[in-house]
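Q: As input, take my_file_37.txt (compact mmCIF, C-alpha atoms):
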# COMPACT_ATOMS: atom_id res chain seq x y z
CA MET M 27 0.00 0.00 0.00
CA LEU M 28 2.63 2.55 1.07
CA GLU M 29 5.01 1.59 -1.72
CA ASN M 30 2.22 2.03 -4.25
CA ILE M 31 1.36 5.49 -2.91
CA LEU M 32 4.97 6.65 -2.95
CA ASP M 33 5.64 5.27 -6.42
CA LYS M 34 2.58 6.98 -7.86
CA PHE M 35 2.45 10.32 -6.04
CA LEU M 36 5.85 11.22 -4.56
CA GLU M 37 7.44 13.79 -6.88
CA ASN M 38 10.86 13.84 -5.21
CA PRO M 39 11.95 10.24 -4.45
CA LYS M 40 15.06 11.54 -2.68
CA GLY M 41 13.00 13.69 -0.33
CA ARG M 42 13.25 12.87 3.37
CA ARG M 43 11.49 14.55 6.30
CA SER M 44 11.45 13.83 10.03
CA GLN M 45 7.87 15.13 10.47
CA PRO M 46 4.75 14.88 8.28
CA TYR M 47 3.75 18.53 8.32
CA GLN M 48 4.99 22.03 7.78
CA SER M 49 2.65 23.66 5.30
CA VAL M 50 -0.44 22.42 7.18
CA ASN M 51 0.53 24.79 10.00
CA ASP M 52 0.84 27.74 7.62
CA LYS M 53 -1.85 30.41 8.12
CA GLU M 54 -2.53 30.36 4.38
CA PHE M 55 -3.33 26.66 4.45
CA ASP M 56 -6.76 26.96 6.06
CA THR M 57 -8.08 29.95 4.14
CA THR M 58 -11.09 29.24 1.94
CA GLN M 59 -10.09 31.64 -0.81
CA GLU M 60 -10.81 30.66 -4.38
CA PRO M 61 -7.95 28.97 -6.26
CA SER M 62 -6.09 31.31 -8.60
CA SER M 63 -5.61 30.53 -12.28
CA THR M 64 -2.09 29.37 -11.38
CA ASP M 65 -3.54 27.01 -8.75
CA LEU M 66 -6.08 25.61 -11.20
CA HIS M 67 -3.46 25.02 -13.88
CA PHE M 68 -1.08 23.39 -11.40
CA MET M 69 -3.72 21.07 -9.89
CA LYS M 70 -5.24 20.07 -13.22
CA GLU M 71 -2.83 17.16 -13.69
CA ARG M 72 -2.71 16.10 -10.03
CA ASN M 73 -5.24 13.77 -8.40
CA TYR M 74 -5.39 15.33 -4.94
CA PHE M 75 -8.70 13.72 -3.99
CA ARG M 76 -7.49 10.20 -4.73
CA LEU M 77 -4.20 10.71 -2.86
CA VAL M 78 -5.96 11.96 0.27
CA GLY M 79 -8.27 8.95 0.19
CA LYS M 80 -5.31 6.58 0.09
CA LEU M 81 -3.61 8.47 2.93
CA GLN M 82 -6.75 8.19 5.06
CA PHE M 83 -6.65 4.43 4.60
CA LEU M 84 -2.96 4.40 5.56
CA THR M 85 -3.65 6.06 8.93
CA VAL M 86 -4.92 2.71 10.23
CA THR M 87 -1.33 1.54 10.64
CA ARG M 88 0.35 4.96 10.79
CA PRO M 89 -1.84 6.85 13.29
CA VAL M 90 0.57 9.73 13.98
CA ILE M 91 -0.15 11.18 10.52
CA GLN M 92 -3.88 11.52 11.24
CA TYR M 93 -3.74 15.23 12.08
CA ALA M 94 -1.94 16.09 8.84
CA VAL M 95 -4.22 13.86 6.75
CA GLY M 96 -7.30 15.34 8.41
CA LYS M 97 -6.16 18.84 7.51
CA LEU M 98 -5.58 17.76 3.91
CA ALA M 99 -9.05 16.19 3.75
CA HIS M 100 -10.67 19.54 4.54
CA HIS M 101 -9.42 20.90 1.22
CA THR M 102 -10.64 18.41 -1.36
CA THR M 103 -12.50 21.35 -2.91
CA LYS M 104 -10.88 24.71 -3.69
CA THR M 105 -7.53 22.94 -3.66
CA ARG M 106 -4.49 25.15 -4.09
CA ILE M 107 -0.75 24.70 -4.60
CA ILE M 108 -0.06 24.95 -0.86
CA HIS M 109 -2.29 21.93 -0.26
CA TRP M 110 -0.42 19.84 -2.81
CA LYS M 111 2.87 21.00 -1.28
CA ALA M 112 1.63 19.67 2.07
CA THR M 113 0.91 16.25 0.54
CA GLN M 114 4.49 16.10 -0.72
CA GLU M 115 5.86 16.95 2.73
CA LEU M 116 3.78 14.12 4.19
CA LEU M 117 4.92 11.70 1.49
CA GLU M 118 8.55 12.63 2.11
CA TYR M 119 8.05 11.79 5.79
CA LEU M 120 6.53 8.43 4.85
CA ASN M 121 9.40 7.86 2.44
CA ASN M 122 11.78 8.40 5.36
CA THR M 123 9.88 5.91 7.55
CA ARG M 124 8.98 3.19 5.06
CA ASP M 125 9.80 0.42 7.54
CA HIS M 126 7.61 1.78 10.35
CA GLY M 127 4.48 0.11 11.67
CA LEU M 128 2.54 -0.57 14.85
CA CYS M 129 4.28 -3.08 17.09
CA PHE M 130 2.31 -5.16 19.60
CA GLN M 131 4.53 -7.03 22.02
CA ARG M 132 3.59 -9.98 24.20
CA THR M 133 4.32 -9.06 27.82
CA GLY M 134 2.56 -11.82 29.74
CA GLN M 135 0.62 -9.18 31.68
CA LYS M 136 -3.13 -8.61 31.70
CA LEU M 137 -4.53 -6.43 28.94
CA VAL M 138 -5.36 -3.04 30.45
CA VAL M 139 -7.32 -0.31 28.66
CA GLU M 140 -6.08 3.26 29.03
CA GLY M 141 -6.95 6.40 27.11
CA TYR M 142 -5.84 9.96 26.32
CA SER M 143 -7.92 12.84 25.01
CA ASN M 144 -6.84 16.30 23.93
CA SER M 145 -8.24 19.28 22.08
CA ASP M 146 -6.75 22.19 20.19
CA PHE M 147 -9.07 24.97 21.35
CA ALA M 148 -10.44 27.05 18.46
CA GLY M 149 -7.55 25.87 16.31
CA ASP M 150 -9.42 26.08 13.01
CA THR M 151 -8.93 29.71 11.97
CA GLU M 152 -11.86 29.65 9.54
CA THR M 153 -14.57 28.10 11.77
CA ARG M 154 -12.96 28.44 15.23
CA ARG M 155 -13.90 24.86 15.93
CA SER M 156 -11.57 22.82 18.10
CA THR M 157 -9.95 19.54 17.08
CA THR M 158 -10.44 16.39 19.16
CA GLY M 159 -7.64 13.86 19.51
CA VAL M 160 -8.36 10.44 21.03
CA LEU M 161 -5.92 7.63 21.76
CA VAL M 162 -6.84 4.28 23.34
CA TRP M 163 -4.12 1.94 24.54
CA VAL M 164 -4.32 -1.77 25.19
CA GLY M 165 -1.08 -3.14 26.52
CA LYS M 166 0.72 0.17 25.89
CA ALA M 167 0.07 0.18 22.14
CA ALA M 168 -2.52 2.11 20.16
CA VAL M 169 -5.56 0.06 19.19
CA LEU M 170 -7.82 3.01 18.42
CA SER M 171 -7.16 6.66 17.68
CA PHE M 172 -8.58 9.50 15.67
CA SER M 173 -8.24 13.21 14.95
CA LYS M 174 -11.51 14.97 14.24
CA ARG M 175 -12.82 18.51 14.12
CA GLN M 176 -15.50 19.04 16.77
CA PRO M 177 -19.08 19.44 15.46
CA ILE M 178 -19.76 22.61 17.48
CA VAL M 179 -17.81 25.72 18.47
CA ALA M 180 -16.65 25.36 22.08
CA ASP M 181 -16.63 28.63 24.00
CA SER M 182 -13.89 27.66 26.48
CA THR M 183 -10.95 25.31 26.80
CA VAL M 184 -12.83 23.32 29.46
CA SER M 185 -15.77 22.79 27.12
CA ALA M 186 -13.47 21.72 24.28
CA GLU M 187 -11.67 19.26 26.56
CA VAL M 188 -14.96 17.83 27.86
CA ILE M 189 -16.19 17.24 24.31
CA ALA M 190 -12.91 15.42 23.58
CA ALA M 191 -13.09 13.42 26.83
CA CYS M 192 -16.65 12.36 26.07
CA SER M 193 -15.51 10.98 22.71
CA LEU M 194 -12.66 9.14 24.44
CA VAL M 195 -14.82 7.55 27.13
CA LYS M 196 -17.26 6.21 24.53
CA GLU M 197 -14.38 4.52 22.71
CA VAL M 198 -12.87 3.18 25.94
CA ILE M 199 -16.19 1.57 26.89
CA TRP M 200 -16.42 0.00 23.43
CA VAL M 201 -12.91 -1.45 23.77
CA ARG M 202 -13.70 -2.74 27.29
CA ASN M 203 -16.80 -4.51 25.95
CA MET M 204 -14.83 -6.01 23.07
CA LEU M 205 -12.15 -7.34 25.41
CA GLU M 206 -14.81 -8.82 27.69
CA TRP M 207 -16.33 -10.62 24.69
CA LEU M 208 -12.85 -11.98 23.90
CA GLY M 209 -12.43 -13.26 27.46
CA HIS M 210 -10.35 -10.40 28.86
CA ALA M 211 -12.85 -8.62 31.11
CA GLN M 212 -11.46 -5.52 32.82
CA GLU M 213 -11.37 -5.92 36.58
CA MET M 214 -10.63 -2.27 37.33
CA PRO M 215 -11.86 1.06 35.96
CA SER M 216 -9.98 2.23 32.88
CA GLN M 217 -7.78 5.29 33.39
CA VAL M 218 -8.49 8.17 31.03
CA TRP M 219 -6.25 11.22 30.87
CA THR M 220 -6.73 14.86 29.92
CA ASP M 221 -4.31 17.77 30.32
CA ASN M 222 -6.94 20.26 31.52
CA LYS M 223 -7.37 20.36 35.32
CA GLY M 224 -10.65 22.27 35.04
CA ALA M 225 -12.13 19.54 32.87
CA VAL M 226 -10.97 16.83 35.31
CA PHE M 227 -12.51 18.63 38.29
CA ASN M 228 -15.83 19.20 36.58
CA MET M 229 -16.05 15.65 35.25
CA GLU M 230 -15.51 14.29 38.75
CA GLU M 231 -17.48 16.83 40.79
CA GLY M 232 -19.96 18.25 38.32
CA ALA M 233 -19.45 21.74 39.72
CA LEU M 234 -19.93 23.50 36.41
CA ARG M 235 -23.43 23.55 34.95
CA HIS M 236 -24.02 24.58 31.37
CA LYS M 237 -26.96 26.48 30.01
CA THR M 238 -26.45 24.63 26.73
CA LYS M 239 -28.12 21.23 26.80
CA HIS M 240 -25.63 19.33 24.64
CA LEU M 241 -22.67 20.12 26.93
CA ASP M 242 -24.70 19.43 30.07
CA ILE M 243 -25.53 15.98 28.70
CA LYS M 244 -21.84 15.28 28.03
CA TYR M 245 -20.96 16.24 31.61
CA MET M 246 -23.68 13.95 32.96
CA PHE M 247 -22.56 11.10 30.72
CA LEU M 248 -18.95 11.40 31.88
CA ARG M 249 -19.87 11.65 35.55
CA ASP M 250 -22.14 8.63 35.18
CA GLN M 251 -19.32 6.49 33.76
CA VAL M 252 -17.05 7.57 36.64
CA HIS M 253 -19.71 6.76 39.25
CA GLN M 254 -20.37 3.36 37.65
CA GLY M 255 -16.70 2.51 38.09
CA LEU M 256 -16.03 2.08 34.37
CA VAL M 257 -13.44 4.87 34.13
CA THR M 258 -11.36 7.11 36.35
CA VAL M 259 -10.29 10.55 35.17
CA GLY M 260 -6.83 11.98 35.77
CA HIS M 261 -4.77 15.02 34.86
CA CYS M 262 -1.86 14.36 32.53
CA PRO M 263 1.07 16.83 32.28
CA ASP M 264 1.58 18.19 28.79
CA PRO M 265 4.90 16.37 28.10
CA LEU M 266 3.08 13.04 28.59
CA MET M 267 -0.08 13.93 26.65
CA TRP M 268 0.37 11.57 23.71
CA ALA M 269 -2.87 12.68 22.02
CA ASP M 270 -1.23 16.08 21.35
CA VAL M 271 0.05 14.79 18.02
CA LEU M 272 -3.56 14.24 16.91
CA THR M 273 -4.65 17.85 17.43
CA LYS M 274 -1.81 20.10 16.34
CA GLY M 275 1.66 20.29 14.86
CA VAL M 276 4.21 19.55 17.60
CA GLY M 277 7.98 19.86 17.81
CA LEU M 278 10.28 17.08 16.67
CA THR M 279 11.08 15.79 20.17
CA LYS M 280 7.41 15.62 21.18
CA PHE M 281 6.47 14.10 17.83
CA THR M 282 9.08 11.35 18.24
CA ASP M 283 7.94 10.65 21.80
CA CYS M 284 4.30 10.45 20.70
CA ARG M 285 5.14 8.11 17.85
CA HIS M 286 6.93 5.79 20.27
CA ALA M 287 4.00 5.99 22.71
CA PHE M 288 1.62 4.92 19.94
CA GLY M 289 3.69 1.76 19.53
CA GLU M 290 5.01 2.74 16.10
CA GLU M 291 8.48 1.33 15.56
CA SER M 292 10.90 0.45 12.81
CA ILE M 293 10.08 -3.15 11.93
CA PRO M 294 12.91 -5.23 10.41
CA THR M 295 11.99 -6.88 7.13
Kindly transcribe the structure held in the file into structure tokens.

A:
Amino acid sequence: MLENILDKFLENPKGRRSQPYQSVNDKEFDTTQEPSSTDLHFMKERNYFRLVGKLQFLTVTRPVIQYAVGKLAHHTTKTRIIHWKATQELLEYLNNTRDHGLCFQRTGQKLVVEGYSNSDFAGDTETRRSTTGVLVWVGKAAVLSFSKRQPIVADSTVSAEVIAACSLVKEVIWVRNMLEWLGHAQEMPSQVWTDNKGAVFNMEEGALRHKTKHLDIKYMFLRDQVHQGLVTVGHCPDPLMWADVLTKGVGLTKFTDCRHAFGEESIPT
């Protein structure tokens, strides 16, 4: 799959990058301006839509590229040169990590479900919607993750983090049920982490009440899962928030740490 993508779409086979994004963090990337005549002429011979579709499929085994691919997917219409440039940066990263994949190691220990959620508050400059990042671990390797723009505009960082945490808890419960069906029932509540102390406090204590019904329901849902003993909520310091890579462009050191935390390693052939 990866070899086919690189052979067909990579324009500079010698290109190598240590991270999958640069242009996606450019302010010009997210603008919805109409393509210029130069853009239209340049993109005429390039199948952007098809490439993005293949990259979305690839995120199943290369989850750390989900943020970059998600940003690319927002521009399948009104595509401009800067968007194609971003695809090439991503392909050059994949070219540099051809031998990478998710590695699941047998440890002899019980399978334990753990999760991380994060949000990039109002990160989309056009809509001011936040981005949710969710990571679910089983045995310290990623079994489920996604990067997704939130469906509503959150009016505070706490609200954005609660929306993200609600998405995480739903996935954690699904994974717990799946493991139980496979004969690995979870004996303890699953630990879920967020890096916002206000969100943790309100999920546990329910001190903050929202006038908006949809957020109030999310708070009640989260509190209910905590009280049922299905999950426990904890604060995670930013350096250990592995879902960061799903919501924003991060520095090289953090990106490398996140990739390792996802269980992505160089796999000898």

Q: Set out as JSON lines a contact list for stretch 56-134 of chain M and stretch 141-158 of chain M with a cut-off of 9 Å, giving each residue of stretch 56-134 of chain M that qualifies its closest atom pair and distance in Å to one decimal, counting only C-alpha atoms, ordered by chain and rising residue number.

A:
{"residue": "M:Asp56", "atom": "CA", "partner": "M:Glu152", "partner_atom": "CA", "distance": 6.7}
{"residue": "M:Thr57", "atom": "CA", "partner": "M:Glu152", "partner_atom": "CA", "distance": 6.6}
{"residue": "M:Thr58", "atom": "CA", "partner": "M:Glu152", "partner_atom": "CA", "distance": 7.6}

Q: How would the residues just picked look written out with C-alpha atoms as a PDB file, in the coordinates of the input?

A:
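Writing the result to again_8.pdb gives the following:
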ATOM      1  CA  ASP M  56      -6.760  26.960   6.060  1.00  0.00           C
ATOM      2  CA  THR M  57      -8.080  29.950   4.140  1.00  0.00           C
ATOM      3  CA  THR M  58     -11.090  29.240   1.940  1.00  0.00           C
TER       4      THR M  58
END

Q: To one decimal place in Å, what is the distance between atom CA of M:Ser173 and atom CA of M:Gly79?

A: 15.4 Å

Q: Tell me, as a count of residues only, which residues lie within 10 Å of M:Asn222, counting all atoms listed in the file; anything in the same chain fewer than 3 positions away does not count.

A: 17

Q: Neighbours of M:Thr85 within 12 Å (only C-alpha atoms; same-chain residues fewer than 3 positions away dropped), as a PyMOL selection string?

A: chain M and resi 27-28+78-82+88-96+116+120+127-128+168+170-173+272+290

Q: One decimal, in Å: what's the spacing between atom CA of M:Asp181 and atom CA of M:Lys244?

A: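 These two atoms are separated by 14.9 Å.
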
Q: If you measure from atom CA of M:Pro61 to atom CA of M:Arg106, what distance in Å do you get, rounded to one decimal?

A: 5.6 Å

Q: Of the residues M:Val201, M:Val252, M:Val164, M:Leu278, which is the one nearest to M:Gln45, using only C-alpha atoms?

A: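 Nearest to M:Gln45: M:Leu278.
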
Q: Of the residues M:Pro215, M:Pro46, M:Pro39, M:Gly159, which is the one nearest to M:Gln254, using all atoms listed in the file?

A: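 Using all atoms listed in the file, the shortest distance to M:Gln254 belongs to M:Pro215.
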
Q: Would you please work out which residue, of M:Trp200, M:Phe83, M:Phe130, M:Trp163, is nearest to M:Val218 when using only C-alpha atoms?

A: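 So, comparing all the options, the nearest one is M:Trp163.
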
Q: Which one is closest to M:Cys284: M:Leu161, M:Gly255, M:Ser62, M:Ile199? Count only C-alpha atoms.

A: M:Leu161

Q: Please list as a PyMOL selection string every residue within 8 Å of stretch 101-104 of chain M, counting all atoms listed in the file and excluding residues in the same chain fewer than 5 positions away.

A: chain M and resi 58-61+74-75+109

Q: Could you name the residues that touch M:Gly277 at 12 Å or less, counting all atoms listed in the file, but leaving out those on the same chain fewer than 4 positions away, as a VMD selection string?

A: chain M and resid 44 to 48 51 265 270 to 271 281 to 284

Q: Using only C-alpha atoms, find the one residue out of M:Val259, M:Ile107, M:Glu213, M:Trp207 that sits nearest to M:Leu66.

A: M:Ile107

Q: Find, counting all atoms listed in the file, the residue in M:Ile189, M:Asp242, M:Glu197, M:Arg202 that gets nearest to M:Thr220.

A: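 Once distances to M:Thr220 are computed over all atoms listed in the file, the minimum belongs to M:Ile189.
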
Q: From the structure just shown, export stretch 27-45 of chain M with N, CA and C atoms as an mmCIF file, in the first residue's frame.

A:
data_model
loop_
_atom_site.group_PDB
_atom_site.id
_atom_site.type_symbol
_atom_site.label_atom_id
_atom_site.label_comp_id
_atom_site.auth_asym_id
_atom_site.auth_seq_id
_atom_site.Cartn_x
_atom_site.Cartn_y
_atom_site.Cartn_z
ATOM 1 N N MET M 27 0.827 -1.207 0.000
ATOM 2 C CA MET M 27 0.000 0.000 0.000
ATOM 3 C C MET M 27 0.866 1.264 0.000
ATOM 4 N N LEU M 28 1.781 1.371 0.986
ATOM 5 C CA LEU M 28 2.633 2.553 1.068
ATOM 6 C C LEU M 28 3.531 2.668 -0.150
ATOM 7 N N GLU M 29 4.116 1.561 -0.564
ATOM 8 C CA GLU M 29 5.007 1.588 -1.722
ATOM 9 C C GLU M 29 4.262 2.071 -2.964
ATOM 10 N N ASN M 30 3.031 1.623 -3.104
ATOM 11 C CA ASN M 30 2.217 2.028 -4.252
ATOM 12 C C ASN M 30 1.937 3.529 -4.235
ATOM 13 N N ILE M 31 1.631 4.056 -3.044
ATOM 14 C CA ILE M 31 1.356 5.493 -2.908
ATOM 15 C C ILE M 31 2.589 6.313 -3.256
ATOM 16 N N LEU M 32 3.732 5.904 -2.711
ATOM 17 C CA LEU M 32 4.966 6.653 -2.950
ATOM 18 C C LEU M 32 5.376 6.591 -4.417
ATOM 19 N N ASP M 33 5.257 5.420 -5.011
ATOM 20 C CA ASP M 33 5.637 5.273 -6.419
ATOM 21 C C ASP M 33 4.772 6.140 -7.332
ATOM 22 N N LYS M 34 3.516 6.285 -6.981
ATOM 23 C CA LYS M 34 2.584 6.983 -7.861
ATOM 24 C C LYS M 34 2.524 8.488 -7.621
ATOM 25 N N PHE M 35 2.712 8.918 -6.361
ATOM 26 C CA PHE M 35 2.445 10.324 -6.043
ATOM 27 C C PHE M 35 3.650 11.129 -5.556
ATOM 28 N N LEU M 36 4.698 10.479 -5.077
ATOM 29 C CA LEU M 36 5.852 11.221 -4.565
ATOM 30 C C LEU M 36 6.649 11.810 -5.724
ATOM 31 N N GLU M 37 6.783 13.117 -5.755
ATOM 32 C CA GLU M 37 7.438 13.792 -6.877
ATOM 33 C C GLU M 37 8.949 13.888 -6.706
ATOM 34 N N ASN M 38 9.423 13.792 -5.469
ATOM 35 C CA ASN M 38 10.865 13.838 -5.215
ATOM 36 C C ASN M 38 11.271 12.591 -4.430
ATOM 37 N N PRO M 39 11.618 11.501 -5.126
ATOM 38 C CA PRO M 39 11.946 10.240 -4.450
ATOM 39 C C PRO M 39 13.103 10.345 -3.462
ATOM 40 N N LYS M 40 13.933 11.366 -3.605
ATOM 41 C CA LYS M 40 15.057 11.538 -2.684
ATOM 42 C C LYS M 40 14.671 12.358 -1.453
ATOM 43 N N GLY M 41 13.445 12.855 -1.436
ATOM 44 C CA GLY M 41 13.000 13.693 -0.326
ATOM 45 C C GLY M 41 12.864 12.907 0.965
ATOM 46 N N ARG M 42 13.344 13.485 2.047
ATOM 47 C CA ARG M 42 13.250 12.869 3.370
ATOM 48 C C ARG M 42 12.856 13.946 4.378
ATOM 49 N N ARG M 43 11.895 13.632 5.234
ATOM 50 C CA ARG M 43 11.494 14.551 6.298
ATOM 51 C C ARG M 43 11.311 13.783 7.597
ATOM 52 N N SER M 44 11.572 14.465 8.710
ATOM 53 C CA SER M 44 11.445 13.832 10.025
ATOM 54 C C SER M 44 10.066 14.031 10.632
ATOM 55 N N GLN M 45 9.241 14.899 10.027
ATOM 56 C CA GLN M 45 7.868 15.129 10.473
ATOM 57 C C GLN M 45 6.949 15.253 9.257
#
